[in-house]
Each structure stands twice: as structure tokens, then as C-alpha cells.
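Everything below belongs to target29.tsv, which stores TSV, C-alpha atoms.
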chain	number	residue	atom	x	y	z
A	1	MET	CA	16.72	26.52	12.60
A	2	ALA	CA	13.46	25.33	10.99
A	3	TRP	CA	13.74	22.47	8.51
A	4	LYS	CA	13.39	23.56	4.87
A	5	ASN	CA	12.22	21.19	2.17
A	6	PRO	CA	15.26	20.53	-0.08
A	7	TRP	CA	12.96	19.31	-2.90
A	8	TYR	CA	10.67	22.35	-2.80
A	9	ASP	CA	9.35	23.34	-6.21
A	10	SER	CA	6.91	26.26	-6.16
A	11	SER	CA	5.34	25.07	-9.42
A	12	LYS	CA	4.05	21.87	-7.76
A	13	VAL	CA	0.95	22.10	-5.60
A	14	HIS	CA	1.99	19.23	-3.32
A	15	HIS	CA	5.29	20.97	-2.41
A	16	THR	CA	5.70	23.51	0.40
A	17	PRO	CA	8.88	24.96	1.91
A	18	GLN	CA	8.12	23.02	5.12
A	19	GLY	CA	7.40	19.65	3.49
A	20	PHE	CA	4.84	17.90	1.34
A	21	THR	CA	1.07	18.24	1.38
A	22	ASN	CA	-2.07	16.98	-0.34
A	23	PRO	CA	-3.80	19.22	-2.89
A	24	GLU	CA	-7.04	18.38	-1.06
A	25	PRO	CA	-7.85	20.08	2.27
A	26	ASP	CA	-6.81	18.35	5.49
A	27	LEU	CA	-9.97	17.00	7.15
A	28	ARG	CA	-8.36	16.38	10.54
A	29	GLN	CA	-8.63	18.92	13.33
A	30	PRO	CA	-6.41	19.42	16.41
A	31	GLY	CA	-7.45	16.94	19.08
A	32	ASP	CA	-9.01	14.43	16.64
A	33	LEU	CA	-6.35	11.77	17.32
A	34	ARG	CA	-6.94	11.94	21.08
A	35	ARG	CA	-10.70	11.86	20.55
A	36	TRP	CA	-10.46	8.78	18.29
A	37	ARG	CA	-8.22	6.90	20.72
A	38	ARG	CA	-10.52	7.75	23.61
A	39	GLU	CA	-13.68	6.64	21.80
A	40	ARG	CA	-11.98	3.50	20.45
A	41	LYS	CA	-10.91	2.44	23.92
A	42	ALA	CA	-14.31	3.21	25.46
A	43	GLU	CA	-16.13	1.10	22.84
A	44	GLY	CA	-13.62	-1.77	22.89
A	45	LEU	CA	-12.84	-1.49	19.19
A	46	PRO	CA	-11.93	-3.16	16.98
A	47	LEU	CA	-13.97	-6.27	17.68
A	48	PRO	CA	-12.48	-9.67	16.76
A	49	PRO	CA	-13.60	-11.37	13.52
A	50	ARG	CA	-17.04	-12.95	13.87
A	51	GLN	CA	-15.67	-16.50	14.04
A	52	GLY	CA	-12.46	-15.58	15.89
A	53	TYR	CA	-8.89	-15.03	14.71
A	54	ALA	CA	-8.03	-18.68	14.10
A	55	ALA	CA	-11.03	-19.17	11.81
A	56	PHE	CA	-10.20	-15.91	10.02
A	57	VAL	CA	-6.67	-17.14	9.28
A	58	GLU	CA	-8.04	-20.50	8.12
A	59	GLU	CA	-10.37	-18.74	5.68
A	60	TRP	CA	-8.10	-15.97	4.39
A	61	TRP	CA	-4.49	-17.26	4.47
A	62	GLN	CA	-2.30	-19.68	2.54
A	63	PRO	CA	1.47	-20.00	2.01
A	64	ALA	CA	2.84	-18.37	-1.13
A	65	ASP	CA	3.90	-20.72	-3.92
A	66	PHE	CA	6.60	-19.51	-6.33
A	67	SER	CA	6.60	-22.45	-8.73
A	68	GLY	CA	6.23	-21.83	-12.43
A	69	SER	CA	7.71	-19.16	-14.67
A	70	ASP	CA	4.68	-17.22	-15.94
A	71	ASP	CA	4.09	-13.53	-15.30
A	72	ARG	CA	2.24	-13.52	-11.96
A	73	ILE	CA	1.09	-11.40	-9.01
A	74	TRP	CA	0.93	-12.44	-5.34
A	75	TRP	CA	-0.89	-10.73	-2.48
A	76	LEU	CA	1.32	-11.01	0.62
A	77	GLY	CA	-1.15	-9.41	3.03
A	78	HIS	CA	-2.00	-5.82	3.96
A	79	ALA	CA	-0.41	-3.72	1.17
A	80	ALA	CA	2.47	-6.06	0.31
A	81	VAL	CA	2.40	-7.25	-3.31
A	82	LEU	CA	4.86	-9.26	-5.41
A	83	LEU	CA	5.05	-9.19	-9.21
A	84	ARG	CA	6.94	-11.57	-11.49
A	85	LEU	CA	7.42	-10.02	-14.93
A	86	SER	CA	9.66	-11.77	-17.49
A	87	GLN	CA	11.37	-13.60	-14.62
A	88	ARG	CA	12.09	-10.38	-12.74
A	89	TYR	CA	10.64	-10.01	-9.26
A	90	ILE	CA	9.19	-6.70	-8.01
A	91	LEU	CA	8.22	-6.37	-4.35
A	92	ILE	CA	5.93	-3.54	-3.20
A	93	ASP	CA	5.57	-2.23	0.38
A	94	PRO	CA	6.92	-5.38	2.07
A	95	ALA	CA	6.01	-5.25	5.78
A	96	LEU	CA	6.47	-8.84	6.95
A	97	SER	CA	7.40	-8.35	10.62
A	98	PRO	CA	5.27	-9.36	13.64
A	99	ARG	CA	4.41	-5.70	14.31
A	100	ALA	CA	3.95	-2.51	12.29
A	101	SER	CA	5.97	-0.51	14.79
A	102	PRO	CA	9.45	0.76	15.62
A	103	LEU	CA	9.28	-1.39	18.77
A	104	PRO	CA	9.25	-5.21	18.92
A	105	PHE	CA	6.94	-5.25	21.98
A	106	ALA	CA	4.35	-2.54	21.17
A	107	GLY	CA	2.29	-1.26	18.28
A	108	PRO	CA	-0.12	-2.93	15.84
A	109	GLN	CA	0.44	-6.68	15.94
A	110	ARG	CA	0.16	-8.99	12.94
A	111	LYS	CA	-2.99	-11.11	13.19
A	112	THR	CA	-2.34	-13.30	10.15
A	113	PRO	CA	1.07	-14.84	9.35
A	114	ALA	CA	3.25	-13.55	6.56
A	115	PRO	CA	2.89	-16.05	3.66
A	116	LEU	CA	6.63	-16.03	3.02
A	117	SER	CA	9.98	-14.89	4.34
A	118	ILE	CA	12.39	-12.88	2.21
A	119	GLY	CA	14.73	-15.87	2.00
A	120	ASP	CA	11.99	-17.86	0.25
A	121	LEU	CA	12.14	-15.61	-2.83
A	122	PRO	CA	14.02	-17.10	-5.78
A	123	GLN	CA	15.35	-13.63	-6.63
A	124	LEU	CA	14.47	-9.96	-6.10
A	125	ASP	CA	15.16	-7.21	-8.60
A	126	VAL	CA	13.13	-4.15	-7.58
A	127	VAL	CA	11.53	-2.91	-4.35
A	128	LEU	CA	8.89	-0.15	-4.50
A	129	ILE	CA	7.97	1.81	-1.36
A	130	SER	CA	4.86	4.03	-1.29
A	131	HIS	CA	5.59	5.95	1.93
A	132	ASN	CA	7.33	5.69	5.27
A	133	HIS	CA	4.61	4.46	7.65
A	134	TYR	CA	5.62	1.34	9.56
A	135	ASP	CA	2.99	-0.88	7.92
A	136	HIS	CA	4.57	-0.11	4.52
A	137	LEU	CA	8.25	0.59	5.21
A	138	ASP	CA	9.43	-2.06	7.65
A	139	ARG	CA	13.06	-1.88	8.75
A	140	PRO	CA	13.53	-5.60	9.61
A	141	THR	CA	12.12	-6.60	6.22
A	142	VAL	CA	14.37	-4.09	4.45
A	143	LYS	CA	17.39	-5.45	6.34
A	144	ALA	CA	16.45	-8.99	5.27
A	145	ILE	CA	16.22	-7.84	1.65
A	146	ILE	CA	19.68	-6.28	1.89
A	147	ARG	CA	21.13	-9.52	3.33
A	148	HIS	CA	19.62	-11.78	0.68
A	149	PHE	CA	19.47	-9.46	-2.37
A	150	PRO	CA	22.04	-6.65	-1.96
A	151	GLN	CA	21.82	-5.67	-5.65
A	152	ALA	CA	18.06	-5.02	-5.59
A	153	ASN	CA	16.98	-1.58	-6.82
A	154	PHE	CA	14.82	0.41	-4.39
A	155	ILE	CA	12.50	3.03	-5.92
A	156	VAL	CA	11.05	5.42	-3.36
A	157	PRO	CA	9.24	8.78	-3.18
A	158	LEU	CA	11.15	11.98	-2.48
A	159	GLY	CA	12.82	12.08	0.91
A	160	LEU	CA	13.32	8.35	1.52
A	161	ALA	CA	16.60	7.65	-0.27
A	162	GLU	CA	18.67	8.81	2.70
A	163	TRP	CA	16.77	6.47	5.05
A	164	CYS	CA	17.40	3.57	2.68
A	165	ARG	CA	21.11	4.28	2.27
A	166	ALA	CA	21.53	4.56	6.04
A	167	ARG	CA	20.20	0.97	6.31
A	168	GLY	CA	22.58	-0.40	3.69
A	169	VAL	CA	20.60	-0.10	0.44
A	170	ARG	CA	23.12	0.20	-2.39
A	171	LYS	CA	20.85	1.15	-5.29
A	172	VAL	CA	18.07	3.62	-4.56
A	173	HIS	CA	16.14	5.97	-6.86
A	174	GLU	CA	13.95	8.83	-5.63
A	175	LEU	CA	10.92	10.06	-7.60
A	176	ASP	CA	8.36	12.85	-7.38
A	177	TRP	CA	4.75	12.43	-8.53
A	178	TRP	CA	4.54	11.83	-12.31
A	179	GLN	CA	8.23	11.05	-12.62
A	180	THR	CA	9.32	7.81	-14.30
A	181	ILE	CA	12.32	5.52	-14.20
A	182	THR	CA	12.96	2.61	-16.57
A	183	LEU	CA	14.96	-0.41	-15.44
A	184	ASP	CA	15.65	-2.82	-18.28
A	185	ASP	CA	12.33	-2.72	-20.17
A	186	ILE	CA	10.01	-2.05	-17.20
A	187	CYS	CA	8.79	1.49	-16.47
A	188	PHE	CA	7.96	2.64	-12.94
A	189	ASP	CA	5.84	5.76	-12.52
A	190	ALA	CA	5.34	7.51	-9.17
A	191	VAL	CA	1.74	8.75	-9.08
A	192	PRO	CA	-0.28	10.87	-6.63
A	193	ALA	CA	-1.99	9.53	-3.51
A	194	ARG	CA	-3.91	11.33	-0.77
A	195	HIS	CA	-2.06	10.50	2.42
A	196	TRP	CA	0.79	11.73	4.66
A	197	SER	CA	4.11	10.58	6.12
A	198	MET	CA	5.77	10.32	9.53
A	199	ARG	CA	8.11	7.90	11.34
A	200	THR	CA	9.14	10.07	14.27
A	201	PRO	CA	7.57	13.07	16.05
A	202	CYS	CA	9.99	15.34	14.18
A	203	ASP	CA	9.62	14.30	10.53
A	204	ARG	CA	5.94	14.74	9.65
A	205	ASN	CA	5.51	15.12	5.86
A	206	ARG	CA	9.23	15.54	5.24
A	207	SER	CA	9.10	12.65	2.77
A	208	LEU	CA	6.54	12.18	0.03
A	209	TRP	CA	3.87	9.48	-0.36
A	210	CYS	CA	2.76	8.01	-3.68
A	211	GLY	CA	1.22	5.18	-5.63
A	212	TRP	CA	3.01	3.28	-8.39
A	213	VAL	CA	2.29	2.30	-11.97
A	214	VAL	CA	4.34	-0.59	-13.35
A	215	ARG	CA	4.40	-0.88	-17.13
A	216	SER	CA	5.86	-3.73	-19.16
A	217	ALA	CA	5.12	-5.33	-22.52
A	218	THR	CA	2.60	-7.69	-20.85
A	219	CYS	CA	1.31	-5.73	-17.86
A	220	ARG	CA	0.07	-2.28	-16.89
A	221	PHE	CA	-0.46	-2.30	-13.12
A	222	TRP	CA	-1.66	0.49	-10.81
A	223	PHE	CA	-0.81	0.13	-7.13
A	224	SER	CA	-2.60	2.96	-5.33
A	225	GLY	CA	-0.70	2.74	-2.05
A	226	ASP	CA	-2.41	4.24	0.99
A	227	SER	CA	-4.86	6.88	-0.13
A	228	GLY	CA	-8.01	8.66	0.80
A	229	TYR	CA	-10.45	9.18	-2.03
A	230	SER	CA	-10.12	12.13	-4.40
A	231	ASP	CA	-11.70	12.74	-7.80
A	232	SER	CA	-8.25	13.84	-8.95
A	233	LEU	CA	-7.00	10.23	-8.71
A	234	ALA	CA	-8.92	9.53	-11.93
A	235	GLU	CA	-6.13	11.43	-13.70
A	236	ILE	CA	-3.87	8.42	-13.13
A	237	PRO	CA	-5.76	5.99	-15.42
A	238	SER	CA	-6.42	8.86	-17.81
A	239	ARG	CA	-2.69	9.52	-18.22
A	240	LEU	CA	-1.18	6.06	-17.76
A	241	GLY	CA	-3.99	3.59	-18.45
A	242	PRO	CA	-5.76	1.56	-19.55
A	243	PHE	CA	-4.69	-0.82	-16.80
A	244	THR	CA	-4.69	-4.59	-17.03
A	245	LEU	CA	-4.46	-4.87	-13.23
A	246	ALA	CA	-4.84	-2.68	-10.14
A	247	ALA	CA	-4.51	-2.86	-6.35
A	248	LEU	CA	-6.88	-0.58	-4.42
A	249	PRO	CA	-7.29	-0.26	-0.63
A	250	ILE	CA	-10.50	-1.30	1.12
A	251	GLY	CA	-9.49	-1.29	4.81
A	252	ALA	CA	-8.66	0.98	7.78
A	253	TYR	CA	-11.63	3.23	7.00
A	254	ALA	CA	-13.51	3.46	10.32
A	255	PRO	CA	-14.50	5.85	11.77
A	256	ARG	CA	-15.03	7.92	8.65
A	257	TRP	CA	-14.86	11.27	10.49
A	258	PHE	CA	-11.22	10.48	11.32
A	259	MET	CA	-10.02	8.21	8.49
A	260	ALA	CA	-11.64	9.75	5.39
A	261	GLY	CA	-8.74	12.01	4.45
A	262	GLN	CA	-6.17	9.21	4.50
A	263	HIS	CA	-7.97	5.91	3.70
A	264	MET	CA	-10.81	5.29	1.27
A	265	ASP	CA	-13.71	3.03	2.22
A	266	PRO	CA	-15.06	0.22	0.01
A	267	ASP	CA	-17.70	2.45	-1.62
A	268	GLN	CA	-15.00	4.92	-2.63
A	269	ALA	CA	-12.72	2.12	-3.81
A	270	VAL	CA	-15.53	0.85	-6.05
A	271	ALA	CA	-16.09	4.35	-7.43
A	272	LEU	CA	-12.38	4.69	-8.24
A	273	TRP	CA	-12.33	1.20	-9.78
A	274	GLN	CA	-15.20	2.26	-12.07
A	275	LYS	CA	-13.34	5.42	-13.10
A	276	ALA	CA	-10.28	3.29	-13.86
A	277	GLY	CA	-12.29	1.18	-16.31
A	278	ARG	CA	-13.00	-1.82	-14.03
A	279	PRO	CA	-9.65	-3.67	-14.44
A	280	MET	CA	-8.99	-6.89	-12.56
A	281	THR	CA	-8.33	-5.45	-9.09
A	282	LEU	CA	-6.73	-6.84	-5.94
A	283	PRO	CA	-8.28	-5.36	-2.76
A	284	ILE	CA	-5.43	-4.46	-0.39
A	285	HIS	CA	-4.83	-2.80	3.01
A	286	TRP	CA	-6.86	-5.23	5.09
A	287	GLY	CA	-6.62	-8.62	6.80
A	288	VAL	CA	-3.36	-8.26	8.77
A	289	PHE	CA	-3.14	-5.27	11.14
A	290	GLU	CA	-5.96	-3.74	13.20
A	291	LEU	CA	-5.25	-0.12	12.31
A	292	ALA	CA	-8.78	1.28	12.52
A	293	ASP	CA	-12.13	0.51	14.18
A	294	GLU	CA	-13.55	-2.06	11.76
A	295	SER	CA	-13.00	-5.77	12.40
A	296	LEU	CA	-10.49	-7.69	10.28
A	297	ASP	CA	-13.28	-9.48	8.42
A	298	ALA	CA	-15.38	-6.36	7.74
A	299	PRO	CA	-13.68	-5.03	4.56
A	300	PRO	CA	-14.58	-7.98	2.27
A	301	GLN	CA	-18.17	-7.88	3.51
A	302	GLU	CA	-18.35	-4.12	2.98
A	303	LEU	CA	-16.80	-4.46	-0.48
A	304	ALA	CA	-19.49	-6.94	-1.52
A	305	GLN	CA	-22.19	-4.55	-0.28
A	306	ALA	CA	-20.54	-1.58	-2.00
A	307	LEU	CA	-20.48	-3.45	-5.31
A	308	CYS	CA	-24.13	-4.34	-4.84
A	309	ARG	CA	-25.01	-0.69	-4.15
A	310	ALA	CA	-23.13	0.29	-7.31
A	311	GLN	CA	-25.00	-2.43	-9.24
A	312	GLU	CA	-21.73	-4.13	-10.11
A	313	ARG	CA	-20.70	-7.77	-10.15
A	314	ASN	CA	-17.65	-8.58	-8.06
A	315	GLY	CA	-15.77	-10.85	-10.47
A	316	ASN	CA	-13.15	-8.21	-11.28
A	317	PHE	CA	-12.92	-6.76	-7.76
A	318	ALA	CA	-13.16	-9.56	-5.22
A	319	PRO	CA	-11.01	-10.35	-2.14
A	320	TRP	CA	-8.06	-12.71	-2.45
A	321	ARG	CA	-6.53	-14.93	0.22
A	322	ILE	CA	-3.26	-13.73	1.70
A	323	GLY	CA	-0.57	-15.66	-0.19
A	324	GLU	CA	-2.80	-16.20	-3.24
A	325	SER	CA	-1.41	-15.56	-6.72
A	326	ARG	CA	-2.84	-15.13	-10.18
A	327	SER	CA	-1.36	-15.42	-13.61
A	328	LEU	CA	-1.11	-12.13	-15.48
A	329	ASN	CA	-1.80	-14.03	-18.70
A	330	ASN	CA	-5.38	-14.61	-17.54
A	331	PRO	CA	-5.86	-13.23	-14.02
A	332	ALA	CA	-9.64	-13.48	-14.12
A	333	GLN	CA	-9.62	-17.26	-14.42
A	334	GLU	CA	-6.46	-18.63	-12.85
A	335	SER	CA	-5.48	-18.61	-9.19
A	336	SER	CA	-3.39	-20.70	-6.85

What's the C-alpha cells form of this structure?
Amino acid sequence: MAWKNPWYDSSKVHHTPQGFTNPEPDLRQPGDLRRWRRERKAEGLPLPPRQGYAAFVEEWWQPADFSGSDDRIWWLGHAAVLLRLSQRYILIDPALSPRASPLPFAGPQRKTPAPLSIGDLPQLDVVLISHNHYDHLDRPTVKAIIRHFPQANFIVPLGLAEWCRARGVRKVHELDWWQTITLDDICFDAVPARHWSMRTPCDRNRSLWCGWVVRSATCRFWFSGDSGYSDSLAEIPSRLGPFTLAALPIGAYAPRWFMAGQHMDPDQAVALWQKAGRPMTLPIHWGVFELADESLDAPPQELAQALCRAQERNGNFAPWRIGESRSLNNPAQESS
């Protein structure tokens, strides 16, 4: 019997009886994945960073420091982000394992170290997951969270609660786009993204993908998650902004003919940043895993060029080091 979407709501454009979908058309054609893999192998892509991997790590990595008590944000590499708000810790898309893969010996390998281990955290209150791809939902990291912080609340898009419970998560909340949950005095909004989901050959788009907005008395933060560009994403700051802080993706964009529907490039990230009102923005989704054809060090260079083409300064949208943190009291001026 064919699988039927138990969350199907005919009034919602991203719902179908067979699963979830993007409102935008799918740009990929049958055979595109094989073509990309063939061309990538023939051209020997991705190339290493210009100065080599060791120099890249030296330039772009540091261990995370959790001292202090101020409201703060850390970039943990790729799309993993940590927030401290009123002494509560919120972890987003933590993928800290050596590979983004179901297998310990195959799949995309981490090229820069994780700046922390879960046991280093002083506490953990909330975990947000944007979708089920292995570079965002990492089973070993989730198991470590359960061991160290069994009371942590997981907030996930539709279709992922069962996966979490099967791995021992005690508290899990499932949201559709534009739904909100409030824990203590912090609001968490699931917002649209242009992407897809799959962990096995049999579960394509059976769970939803999303971005997150985190709202507190001192912070209004938009985490886009994985997303291709769409003009419709401007509805997020229109409905839930203005934002004091954002995290937008700048990596895994090449080649554009294959990646455009699922990952935005730096020019598109800059355009979305402008539509969001130019908040202080952390560039994410780069620097750890070689998921596309560009080199690890290409996204920050391309971001600088994209800002130049848009006649923008990069003070509010500049790359951070993996492990770097900034105070939410004055993120433009303070870093560690």
C-alpha cells in the first residue's frame, strides 16, 4: 500500500497526500544526480582550499568558550548554532560527528574539527532541527544529547517526532510552517524554507523542512536552515521581524544548474539579507563538509564579491570563525 501523508492538509500548498513539497517548481530533472556525480568526478572537484586544509583550519577554527553569562551566539561550524538566552541554551542543527553520513566509514567527511563536544556544554534546554539530512540531523550527536541532557526539549518539523522518540528523546514537539510553540518566555516559530528531506531511499519528503525564528525579550533571531532562494522567503521578516540577528547559508551552491533549487549562493544570500533589513547575520552552511563543487574557502570569498556587487559593506554580513561567539547585547562590536 502506498504511503499516505498523515499530516496532509489540502489548504496548505506545501502539503500533498504523498508527502511535502516546495511551493516553487522543482528545478531538478531525472538523471541530474548521476550527471553531477559524473562531471564532479571527471573534473576532480571539489579542489582543496588554496593554502591546504591545515592552513584553512588554522585560519577559520577556534575552540568554543562558554565563559560568561551574557546572552550570546556561537557558530559551531556548517549549520550548527548555539544560543544562550537568559541562561538557557538552545542548540540548532547539531551535526558534530566525523562524517555527515549513516555510515562511519563513508560519506562526506568533516574537514574542520567540531569546536566542542556535547559534554562541554554547561546545560542544554532546547534543540531545534531544521530537517532530516545527515549534515543537520546527526544520530550520534542526538544520542550524546540524550545521555547528557535527557530533559532537553526537541522542536522539529512535521514527521520527525517519531524518529526522535525512537532514539530516546523524551520531550519532542512537532511544528508545521508558521506554527509557534512557547517554552518559558521564548517563542519558537517554524518558518518556510525551499529544500527537501530524505534519510533512506524510501522516505523522500515524508518529513518537512523548515527554518526557525527564536523570539525572546532581548533577541529576535532568524535561522534560515537549508534553503534555495525564493522571493517568498521575504514574508518571514515581514511577518516576524524586524530581526536583531540572522543566520543565512552561503555554501554548497556549485554547480548552480544542480544546486539552485536547494541551496542559495552568496549573491542570493545577500539579496535575502537586504530584504530582511540587513540585520547582523552569521553566514552558515560552509567550512566543514565538502557537499558541492566549490572549495571550502570559496564561500567567504564569494560573499565578499557578492556584497561588493550589491554595493554593500560587509560589516553586518561577514564570515565568522568556527567556534567564534558574539554577545547579543552588541554583536556588531564584540567577539571572542

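When atom CA of A:Arg220 is paired with atom CA of A:Val127, their separation reads 17.0 Å.
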
Can you build me a table of stretch 131-152 of chain A residues sitting at most 12 Å from stretch 287-304 of chain A, with the closest atom pair per residue and its distance in Å to one decimal, using only C-alpha atoms, sorted by chain and residue number, as JSON lines?
{"residue": "A:His133", "atom": "CA", "partner": "A:Leu291", "partner_atom": "CA", "distance": 11.8}
{"residue": "A:Tyr134", "atom": "CA", "partner": "A:Phe289", "partner_atom": "CA", "distance": 11.1}
{"residue": "A:Asp135", "atom": "CA", "partner": "A:Phe289", "partner_atom": "CA", "distance": 8.2}
{"residue": "A:His136", "atom": "CA", "partner": "A:Phe289", "partner_atom": "CA", "distance": 11.4}

For the interface of stretch 142-235 of chain A with stretch 250-261 of chain A (cut-off 10 Å, counting all atoms listed in the file), please tabulate each contacting residue of stretch 142-235 of chain A alongside its nearest pair of atoms and their separation in Å to one decimal, rows sorted by chain and increasing number, as a tab-separated table.
residue	atom	partner	partner_atom	distance
A:Arg194	CA	A:Gly261	CA	7.1
A:His195	CA	A:Gly261	CA	7.1
A:Trp196	CA	A:Gly261	CA	9.5
A:Asp226	CA	A:Gly251	CA	9.8
A:Ser227	CA	A:Gly261	CA	7.9
A:Gly228	CA	A:Gly261	CA	5.0
A:Tyr229	CA	A:Gly261	CA	7.3
A:Ser230	CA	A:Gly261	CA	9.0

Would you save the residues of that selection, restricted to C-alpha atoms, as a CSV table (one decimal), in the coordinates of the input?
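The resulting selection20.csv:
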chain,number,residue,atom,x,y,z
A,194,ARG,CA,-3.9,11.3,-0.8
A,195,HIS,CA,-2.1,10.5,2.4
A,196,TRP,CA,0.8,11.7,4.7
A,226,ASP,CA,-2.4,4.2,1.0
A,227,SER,CA,-4.9,6.9,-0.1
A,228,GLY,CA,-8.0,8.7,0.8
A,229,TYR,CA,-10.4,9.2,-2.0
A,230,SER,CA,-10.1,12.1,-4.4

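If only C-alpha atoms are the atoms counted, then among A:Val81, A:Ala42, A:Asp176, A:Phe221 the closest residue to A:Lys12 is A:Asp176.
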
What does the structure give for the distance between atom CA of A:Pro319 and atom CA of A:Thr112, in Å to one decimal?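 Here the two named atoms are 15.3 Å from each other.
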
Sphere at (12.1, -14.8, -16.4), radius 9 Å, counting only C-alpha atoms: residues as an NGL selection string: :A and (69-71 or 84-89)

Place all heavy atoms on stretch 230-239 of chain A and deliver the coordinates as a short mmCIF file (atom, residue, chain, number, x, y, z; two decimals), keeping the file's coordinate frame.
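Result file rebuild08.cif:
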data_model
loop_
_atom_site.label_atom_id
_atom_site.label_comp_id
_atom_site.auth_asym_id
_atom_site.auth_seq_id
_atom_site.Cartn_x
_atom_site.Cartn_y
_atom_site.Cartn_z
N SER A 230 -10.09 10.82 -3.77
CA SER A 230 -10.12 12.13 -4.40
C SER A 230 -10.50 11.94 -5.86
O SER A 230 -10.01 11.02 -6.52
CB SER A 230 -8.76 12.82 -4.30
OG SER A 230 -8.75 14.01 -5.05
N ASP A 231 -11.36 12.81 -6.37
CA ASP A 231 -11.70 12.74 -7.80
C ASP A 231 -10.46 12.90 -8.67
O ASP A 231 -10.41 12.40 -9.79
CB ASP A 231 -12.72 13.83 -8.14
CG ASP A 231 -14.12 13.54 -7.60
OD1 ASP A 231 -14.45 12.34 -7.41
OD2 ASP A 231 -14.88 14.50 -7.36
N SER A 232 -9.44 13.60 -8.15
CA SER A 232 -8.25 13.84 -8.95
C SER A 232 -7.47 12.57 -9.23
O SER A 232 -6.66 12.52 -10.17
CB SER A 232 -7.34 14.85 -8.24
OG SER A 232 -6.84 14.31 -7.03
N LEU A 233 -7.70 11.49 -8.45
CA LEU A 233 -7.00 10.23 -8.71
C LEU A 233 -7.37 9.63 -10.06
O LEU A 233 -6.63 8.82 -10.60
CB LEU A 233 -7.28 9.23 -7.59
CG LEU A 233 -6.76 9.60 -6.20
CD1 LEU A 233 -7.21 8.57 -5.17
CD2 LEU A 233 -5.25 9.74 -6.20
N ALA A 234 -8.52 10.02 -10.61
CA ALA A 234 -8.92 9.53 -11.93
C ALA A 234 -7.95 9.99 -13.02
O ALA A 234 -7.96 9.43 -14.13
CB ALA A 234 -10.33 9.99 -12.25
N GLU A 235 -7.13 10.99 -12.72
CA GLU A 235 -6.13 11.43 -13.70
C GLU A 235 -5.09 10.34 -13.95
O GLU A 235 -4.47 10.30 -15.03
CB GLU A 235 -5.45 12.71 -13.21
CG GLU A 235 -4.48 13.31 -14.21
CD GLU A 235 -3.82 14.58 -13.71
OE1 GLU A 235 -4.11 15.00 -12.57
OE2 GLU A 235 -3.00 15.15 -14.46
N ILE A 236 -4.89 9.47 -12.97
CA ILE A 236 -3.87 8.42 -13.13
C ILE A 236 -4.23 7.46 -14.26
O ILE A 236 -3.43 7.26 -15.18
CB ILE A 236 -3.64 7.70 -11.79
CG1 ILE A 236 -3.11 8.69 -10.75
CG2 ILE A 236 -2.68 6.52 -11.97
CD1 ILE A 236 -3.11 8.15 -9.33
N PRO A 237 -5.42 6.83 -14.26
CA PRO A 237 -5.76 5.99 -15.42
C PRO A 237 -5.91 6.78 -16.70
O PRO A 237 -5.65 6.26 -17.80
CB PRO A 237 -7.08 5.33 -15.01
CG PRO A 237 -7.62 6.16 -13.90
CD PRO A 237 -6.43 6.73 -13.20
N SER A 238 -6.29 8.05 -16.60
CA SER A 238 -6.42 8.86 -17.81
C SER A 238 -5.06 9.07 -18.47
O SER A 238 -4.95 9.01 -19.70
CB SER A 238 -7.04 10.21 -17.45
OG SER A 238 -7.10 11.06 -18.59
N ARG A 239 -4.01 9.25 -17.67
CA ARG A 239 -2.69 9.52 -18.22
C ARG A 239 -1.89 8.26 -18.50
O ARG A 239 -1.09 8.21 -19.45
CB ARG A 239 -1.90 10.42 -17.25
CG ARG A 239 -2.41 11.83 -17.23
CD ARG A 239 -1.72 12.70 -16.16
NE ARG A 239 -0.28 12.86 -16.40
CZ ARG A 239 0.46 13.83 -15.83
NH1 ARG A 239 -0.13 14.70 -15.00
NH2 ARG A 239 1.74 13.91 -16.07
#
